[in-house]
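Asker: The following block contains the structure, expressed as structure tokens.
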Amino acid sequence: MQKEAIKAQDNKATENAKLPWTAQDTTWMLSLFGTAVGAGILFLPINAGMGGFWPLVVMALIIGPMTYLAHRGLSRFVCSSNIEGSDITQVVEEHFGKGAGKAITVLYFFAIYPIVLIYGVSITNVVDSFMVNQLGMDSLPRWLLSGGLILAMMSVMVAGEKLMLKVTQFLVYPLVIILAFLALYMVPNWKMDALMELPSAGDFIGTIWLTIPVLIFAFNHSPAISQFSVSLKREHGKDASRKADVILRNTSLMLVGFVMLFVFSCVLSLSPEQLAQAKAENLPILSYLANVYDSAFITYFAPFIAFIAIVSSFFGHYMGASEGMRGIIVKQIEGNGKEVDEGKLNKGILAFMFFSIWAVAIINPSVLGMIEALGGPIIAAILYLMPMYAVYKVDALKAYRGRVTNIFVIIAGLASMTAILYGLL
């Protein structure tokens, strides 16, 4: 009996022991930051800013807890698997059965795949706008420009996870520095009269409600969470969840600090009419700033930041989308009693992703329309609601039941999914 008590104390001490921060943790934090920051700085200022300053203050207060708690829940869900190396699609099947596994895998794919398409459109528009407005060149044929850019980004992904993490880390450092400098550079142009404008209670709540899907999209790094959690399980075993909690907390703090500083600076520097014009032109806010500001610094550095943000964010989302597509195909093939040919599967996924992203980039649909209709609501279902459902259904997660934070995450997820209905009404 005494031996068991001593063993229990030793186990508790091990659980409470602090895990030292390593260089690999920094690499993952920057990779997760890079996955999210593209959407945050490209599109959030437009939608969030059009509703005014004070609703944006409330959004800044709630998005940090929303981001951290939701991604922590998804990571804990992936880490709860008893099968070594299992990604999110396999964990869903392990806990909920084959039928639910197939359904969630399809939903997971469609939560991330449209975002990859969005980045194909955005990278083309950013480079085209820079060539025409800043360099004074003629536009290249859209099919040629988009094809070359998408091929270059996908080549890094084909080279493997290690190269992708190194490239992302290399890109994120200048991104953070220039982003912070640009936000502070615009301070002298702030129009403080925006602080005097207070919308009615109905408009105030409506603005926040309608913007929640874009907020969730803007801070979303869930496409990289599955491989992130698998990697931590491989390195830290049973301590993977605790290590993930710390990395995700620091990532969320970094995201909210840098992104919201930039968003506030944009909103206070531009009028609602200018933000609406940026939305109508289907341009990221950074490209719009480069076109309207009479400043060499913004003219050249803003498109550069946009380019880096898109590329770093593309990597994480492509990783998640290809993982989801692989899960769908593998489940279908194995369900028919056949063996999976890994070589053909990888080539097929690669070809589908390239040609579909290329086609949408040529068509050039409304980016914010795609976010509002597809991105936010589906991401909310996977990122906010599914892990909370698992907490109350899966025994491996029962330690996390009965917490107030679970209710907060569920409300945020439901708010995002119902916002599209509010917008229609």
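Residue names in the structure tokens use chain letters A, B, ... in the order shown, residue numbers from 1 in each chain, and ligand numbers from 1 in the order shown.
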Please return, as a PyMOL selection string, all residues of region 53-90 of chain A that DSSP assigns to alpha helix (DSSP H) on the basis of the backbone.

Answerer: chain A and resi 53-79+88-90

Asker: Save out the residues we just selected, N, CA and C atoms, as a PDB file, in the first residue's frame.

Answerer:
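Resulting contents of again-v1.pdb:
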```
ATOM      1  N   PHE A  53     -14.589  51.036 -34.576  1.00  0.00           N
ATOM      2  CA  PHE A  53     -13.486  50.808 -33.636  1.00  0.00           C
ATOM      3  C   PHE A  53     -13.894  49.991 -32.412  1.00  0.00           C
ATOM      4  N   TRP A  54     -14.997  50.349 -31.768  1.00  0.00           N
ATOM      5  CA  TRP A  54     -15.345  49.731 -30.488  1.00  0.00           C
ATOM      6  C   TRP A  54     -15.736  48.259 -30.587  1.00  0.00           C
ATOM      7  N   PRO A  55     -16.473  47.835 -31.616  1.00  0.00           N
ATOM      8  CA  PRO A  55     -16.668  46.386 -31.764  1.00  0.00           C
ATOM      9  C   PRO A  55     -15.341  45.639 -31.920  1.00  0.00           C
ATOM     10  N   LEU A  56     -14.372  46.310 -32.558  1.00  0.00           N
ATOM     11  CA  LEU A  56     -13.049  45.702 -32.740  1.00  0.00           C
ATOM     12  C   LEU A  56     -12.342  45.500 -31.399  1.00  0.00           C
ATOM     13  N   VAL A  57     -12.561  46.408 -30.449  1.00  0.00           N
ATOM     14  CA  VAL A  57     -11.974  46.271 -29.112  1.00  0.00           C
ATOM     15  C   VAL A  57     -12.489  44.997 -28.439  1.00  0.00           C
ATOM     16  N   VAL A  58     -13.798  44.765 -28.540  1.00  0.00           N
ATOM     17  CA  VAL A  58     -14.385  43.548 -27.951  1.00  0.00           C
ATOM     18  C   VAL A  58     -13.817  42.309 -28.630  1.00  0.00           C
ATOM     19  N   MET A  59     -13.685  42.380 -29.951  1.00  0.00           N
ATOM     20  CA  MET A  59     -13.119  41.238 -30.683  1.00  0.00           C
ATOM     21  C   MET A  59     -11.694  40.938 -30.217  1.00  0.00           C
ATOM     22  N   ALA A  60     -10.908  41.980 -29.971  1.00  0.00           N
ATOM     23  CA  ALA A  60      -9.529  41.795 -29.516  1.00  0.00           C
ATOM     24  C   ALA A  60      -9.477  41.115 -28.155  1.00  0.00           C
ATOM     25  N   LEU A  61     -10.473  41.385 -27.311  1.00  0.00           N
ATOM     26  CA  LEU A  61     -10.509  40.804 -25.973  1.00  0.00           C
ATOM     27  C   LEU A  61     -10.904  39.324 -25.975  1.00  0.00           C
ATOM     28  N   ILE A  62     -11.766  38.941 -26.926  1.00  0.00           N
ATOM     29  CA  ILE A  62     -12.263  37.554 -26.911  1.00  0.00           C
ATOM     30  C   ILE A  62     -11.469  36.606 -27.807  1.00  0.00           C
ATOM     31  N   ILE A  63     -10.765  37.134 -28.806  1.00  0.00           N
ATOM     32  CA  ILE A  63     -10.148  36.240 -29.786  1.00  0.00           C
ATOM     33  C   ILE A  63      -8.952  35.480 -29.200  1.00  0.00           C
ATOM     34  N   GLY A  64      -8.236  36.060 -28.228  1.00  0.00           N
ATOM     35  CA  GLY A  64      -7.112  35.353 -27.611  1.00  0.00           C
ATOM     36  C   GLY A  64      -7.550  34.073 -26.921  1.00  0.00           C
ATOM     37  N   PRO A  65      -8.484  34.166 -25.952  1.00  0.00           N
ATOM     38  CA  PRO A  65      -8.987  32.938 -25.313  1.00  0.00           C
ATOM     39  C   PRO A  65      -9.625  31.974 -26.310  1.00  0.00           C
ATOM     40  N   MET A  66     -10.378  32.495 -27.270  1.00  0.00           N
ATOM     41  CA  MET A  66     -11.004  31.639 -28.285  1.00  0.00           C
ATOM     42  C   MET A  66      -9.952  30.824 -29.025  1.00  0.00           C
ATOM     43  N   THR A  67      -8.909  31.495 -29.481  1.00  0.00           N
ATOM     44  CA  THR A  67      -7.869  30.842 -30.285  1.00  0.00           C
ATOM     45  C   THR A  67      -7.124  29.786 -29.481  1.00  0.00           C
ATOM     46  N   TYR A  68      -6.684  30.164 -28.281  1.00  0.00           N
ATOM     47  CA  TYR A  68      -5.901  29.236 -27.464  1.00  0.00           C
ATOM     48  C   TYR A  68      -6.717  28.018 -27.041  1.00  0.00           C
ATOM     49  N   LEU A  69      -7.895  28.242 -26.498  1.00  0.00           N
ATOM     50  CA  LEU A  69      -8.697  27.138 -25.955  1.00  0.00           C
ATOM     51  C   LEU A  69      -9.149  26.168 -27.043  1.00  0.00           C
ATOM     52  N   ALA A  70      -9.520  26.706 -28.213  1.00  0.00           N
ATOM     53  CA  ALA A  70      -9.987  25.841 -29.294  1.00  0.00           C
ATOM     54  C   ALA A  70      -8.855  24.975 -29.842  1.00  0.00           C
ATOM     55  N   HIS A  71      -7.704  25.579 -30.089  1.00  0.00           N
ATOM     56  CA  HIS A  71      -6.583  24.808 -30.633  1.00  0.00           C
ATOM     57  C   HIS A  71      -6.016  23.837 -29.598  1.00  0.00           C
ATOM     58  N   ARG A  72      -6.068  24.228 -28.327  1.00  0.00           N
ATOM     59  CA  ARG A  72      -5.648  23.317 -27.265  1.00  0.00           C
ATOM     60  C   ARG A  72      -6.561  22.096 -27.241  1.00  0.00           C
ATOM     61  N   GLY A  73      -7.869  22.308 -27.402  1.00  0.00           N
ATOM     62  CA  GLY A  73      -8.819  21.202 -27.410  1.00  0.00           C
ATOM     63  C   GLY A  73      -8.570  20.244 -28.558  1.00  0.00           C
ATOM     64  N   LEU A  74      -8.278  20.796 -29.749  1.00  0.00           N
ATOM     65  CA  LEU A  74      -8.020  19.936 -30.909  1.00  0.00           C
ATOM     66  C   LEU A  74      -6.727  19.150 -30.727  1.00  0.00           C
ATOM     67  N   SER A  75      -5.705  19.799 -30.168  1.00  0.00           N
ATOM     68  CA  SER A  75      -4.434  19.104 -29.937  1.00  0.00           C
ATOM     69  C   SER A  75      -4.599  17.989 -28.902  1.00  0.00           C
ATOM     70  N   ARG A  76      -5.349  18.270 -27.838  1.00  0.00           N
ATOM     71  CA  ARG A  76      -5.597  17.226 -26.830  1.00  0.00           C
ATOM     72  C   ARG A  76      -6.342  16.041 -27.439  1.00  0.00           C
ATOM     73  N   PHE A  77      -7.254  16.339 -28.355  1.00  0.00           N
ATOM     74  CA  PHE A  77      -8.014  15.283 -29.020  1.00  0.00           C
ATOM     75  C   PHE A  77      -7.069  14.378 -29.821  1.00  0.00           C
ATOM     76  N   VAL A  78      -6.164  14.971 -30.587  1.00  0.00           N
ATOM     77  CA  VAL A  78      -5.213  14.179 -31.385  1.00  0.00           C
ATOM     78  C   VAL A  78      -4.271  13.396 -30.467  1.00  0.00           C
ATOM     79  N   CYS A  79      -3.838  14.026 -29.364  1.00  0.00           N
ATOM     80  CA  CYS A  79      -2.907  13.365 -28.438  1.00  0.00           C
ATOM     81  C   CYS A  79      -3.568  12.245 -27.637  1.00  0.00           C
ATOM     82  N   ILE A  88      -5.262  13.211 -37.216  1.00  0.00           N
ATOM     83  CA  ILE A  88      -6.619  13.536 -36.785  1.00  0.00           C
ATOM     84  C   ILE A  88      -7.678  12.638 -37.422  1.00  0.00           C
ATOM     85  N   THR A  89      -7.494  12.292 -38.692  1.00  0.00           N
ATOM     86  CA  THR A  89      -8.496  11.454 -39.364  1.00  0.00           C
ATOM     87  C   THR A  89      -8.542  10.054 -38.755  1.00  0.00           C
ATOM     88  N   GLN A  90      -7.380   9.540 -38.336  1.00  0.00           N
ATOM     89  CA  GLN A  90      -7.323   8.211 -37.714  1.00  0.00           C
ATOM     90  C   GLN A  90      -7.841   8.254 -36.277  1.00  0.00           C
TER      91      GLN A  90
END
```

Asker: Per residue of region 38-124 of chain A within 12 Å of region 354-358 of chain A, note the shortest atom pair and the distance in Å to one decimal, counting only C-alpha atoms, and order the rows by chain and increasing residue number, as JSON lines.

Answerer:
```
{"residue": "A:Tyr113", "atom": "CA", "partner": "A:Ile357", "partner_atom": "CA", "distance": 9.3}
{"residue": "A:Pro114", "atom": "CA", "partner": "A:Ile357", "partner_atom": "CA", "distance": 9.1}
{"residue": "A:Ile115", "atom": "CA", "partner": "A:Ile357", "partner_atom": "CA", "distance": 10.0}
{"residue": "A:Val116", "atom": "CA", "partner": "A:Ile357", "partner_atom": "CA", "distance": 7.2}
{"residue": "A:Leu117", "atom": "CA", "partner": "A:Ile357", "partner_atom": "CA", "distance": 5.1}
{"residue": "A:Ile118", "atom": "CA", "partner": "A:Ile357", "partner_atom": "CA", "distance": 8.3}
{"residue": "A:Tyr119", "atom": "CA", "partner": "A:Ile357", "partner_atom": "CA", "distance": 8.5}
{"residue": "A:Gly120", "atom": "CA", "partner": "A:Ile357", "partner_atom": "CA", "distance": 5.7}
{"residue": "A:Val121", "atom": "CA", "partner": "A:Ile357", "partner_atom": "CA", "distance": 8.0}
{"residue": "A:Ser122", "atom": "CA", "partner": "A:Ile357", "partner_atom": "CA", "distance": 11.0}
{"residue": "A:Ile123", "atom": "CA", "partner": "A:Trp358", "partner_atom": "CA", "distance": 11.1}
{"residue": "A:Thr124", "atom": "CA", "partner": "A:Trp358", "partner_atom": "CA", "distance": 9.8}
```

Asker: Fewer than 2 positions away in the same chain doesn't count, so skip those; otherwise give me all residues within 8 Å of region 191-200 of chain A, counting only C-alpha atoms, as a list in words.

Answerer: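 Listed by chain and then number, they are Gly52, Phe53, Trp54, Asn189, Gly202, Asp203, Phe204, Leu268, Ser269 and Leu270 of chain A.
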
Asker: In Å to one decimal, how far is CA of Arg142 (chain A) from CA of Ser312 (chain A)?

Answerer: 22.1 Å

Asker: If we count only C-alpha atoms, what is near region 345-349 of chain A at a cut-off of 10 Å, once residues fewer than 5 positions away on the same chain are taken out, given as an MDAnalysis selection string?

Answerer: chainID A and resid 158 321:323 325:326 329:330 340 354

Asker: Which of these, A:Lys102, A:Pro272, A:His221, A:Ser241, has the shortest distance to Glu334 (chain A) once you count only C-alpha atoms?

Answerer: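 Ranked by minimum distance to Glu334 (chain A), first place goes to A:Lys102.
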
Asker: For a quick check of understanding, using only C-alpha atoms, which of A:Phe297, A:Ile305, A:Met319, A:Lys393 has the smallest distance to Tyr185 (chain A)?

Answerer: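 The shortest atom-to-atom distance to Tyr185 (chain A) comes from A:Phe297.
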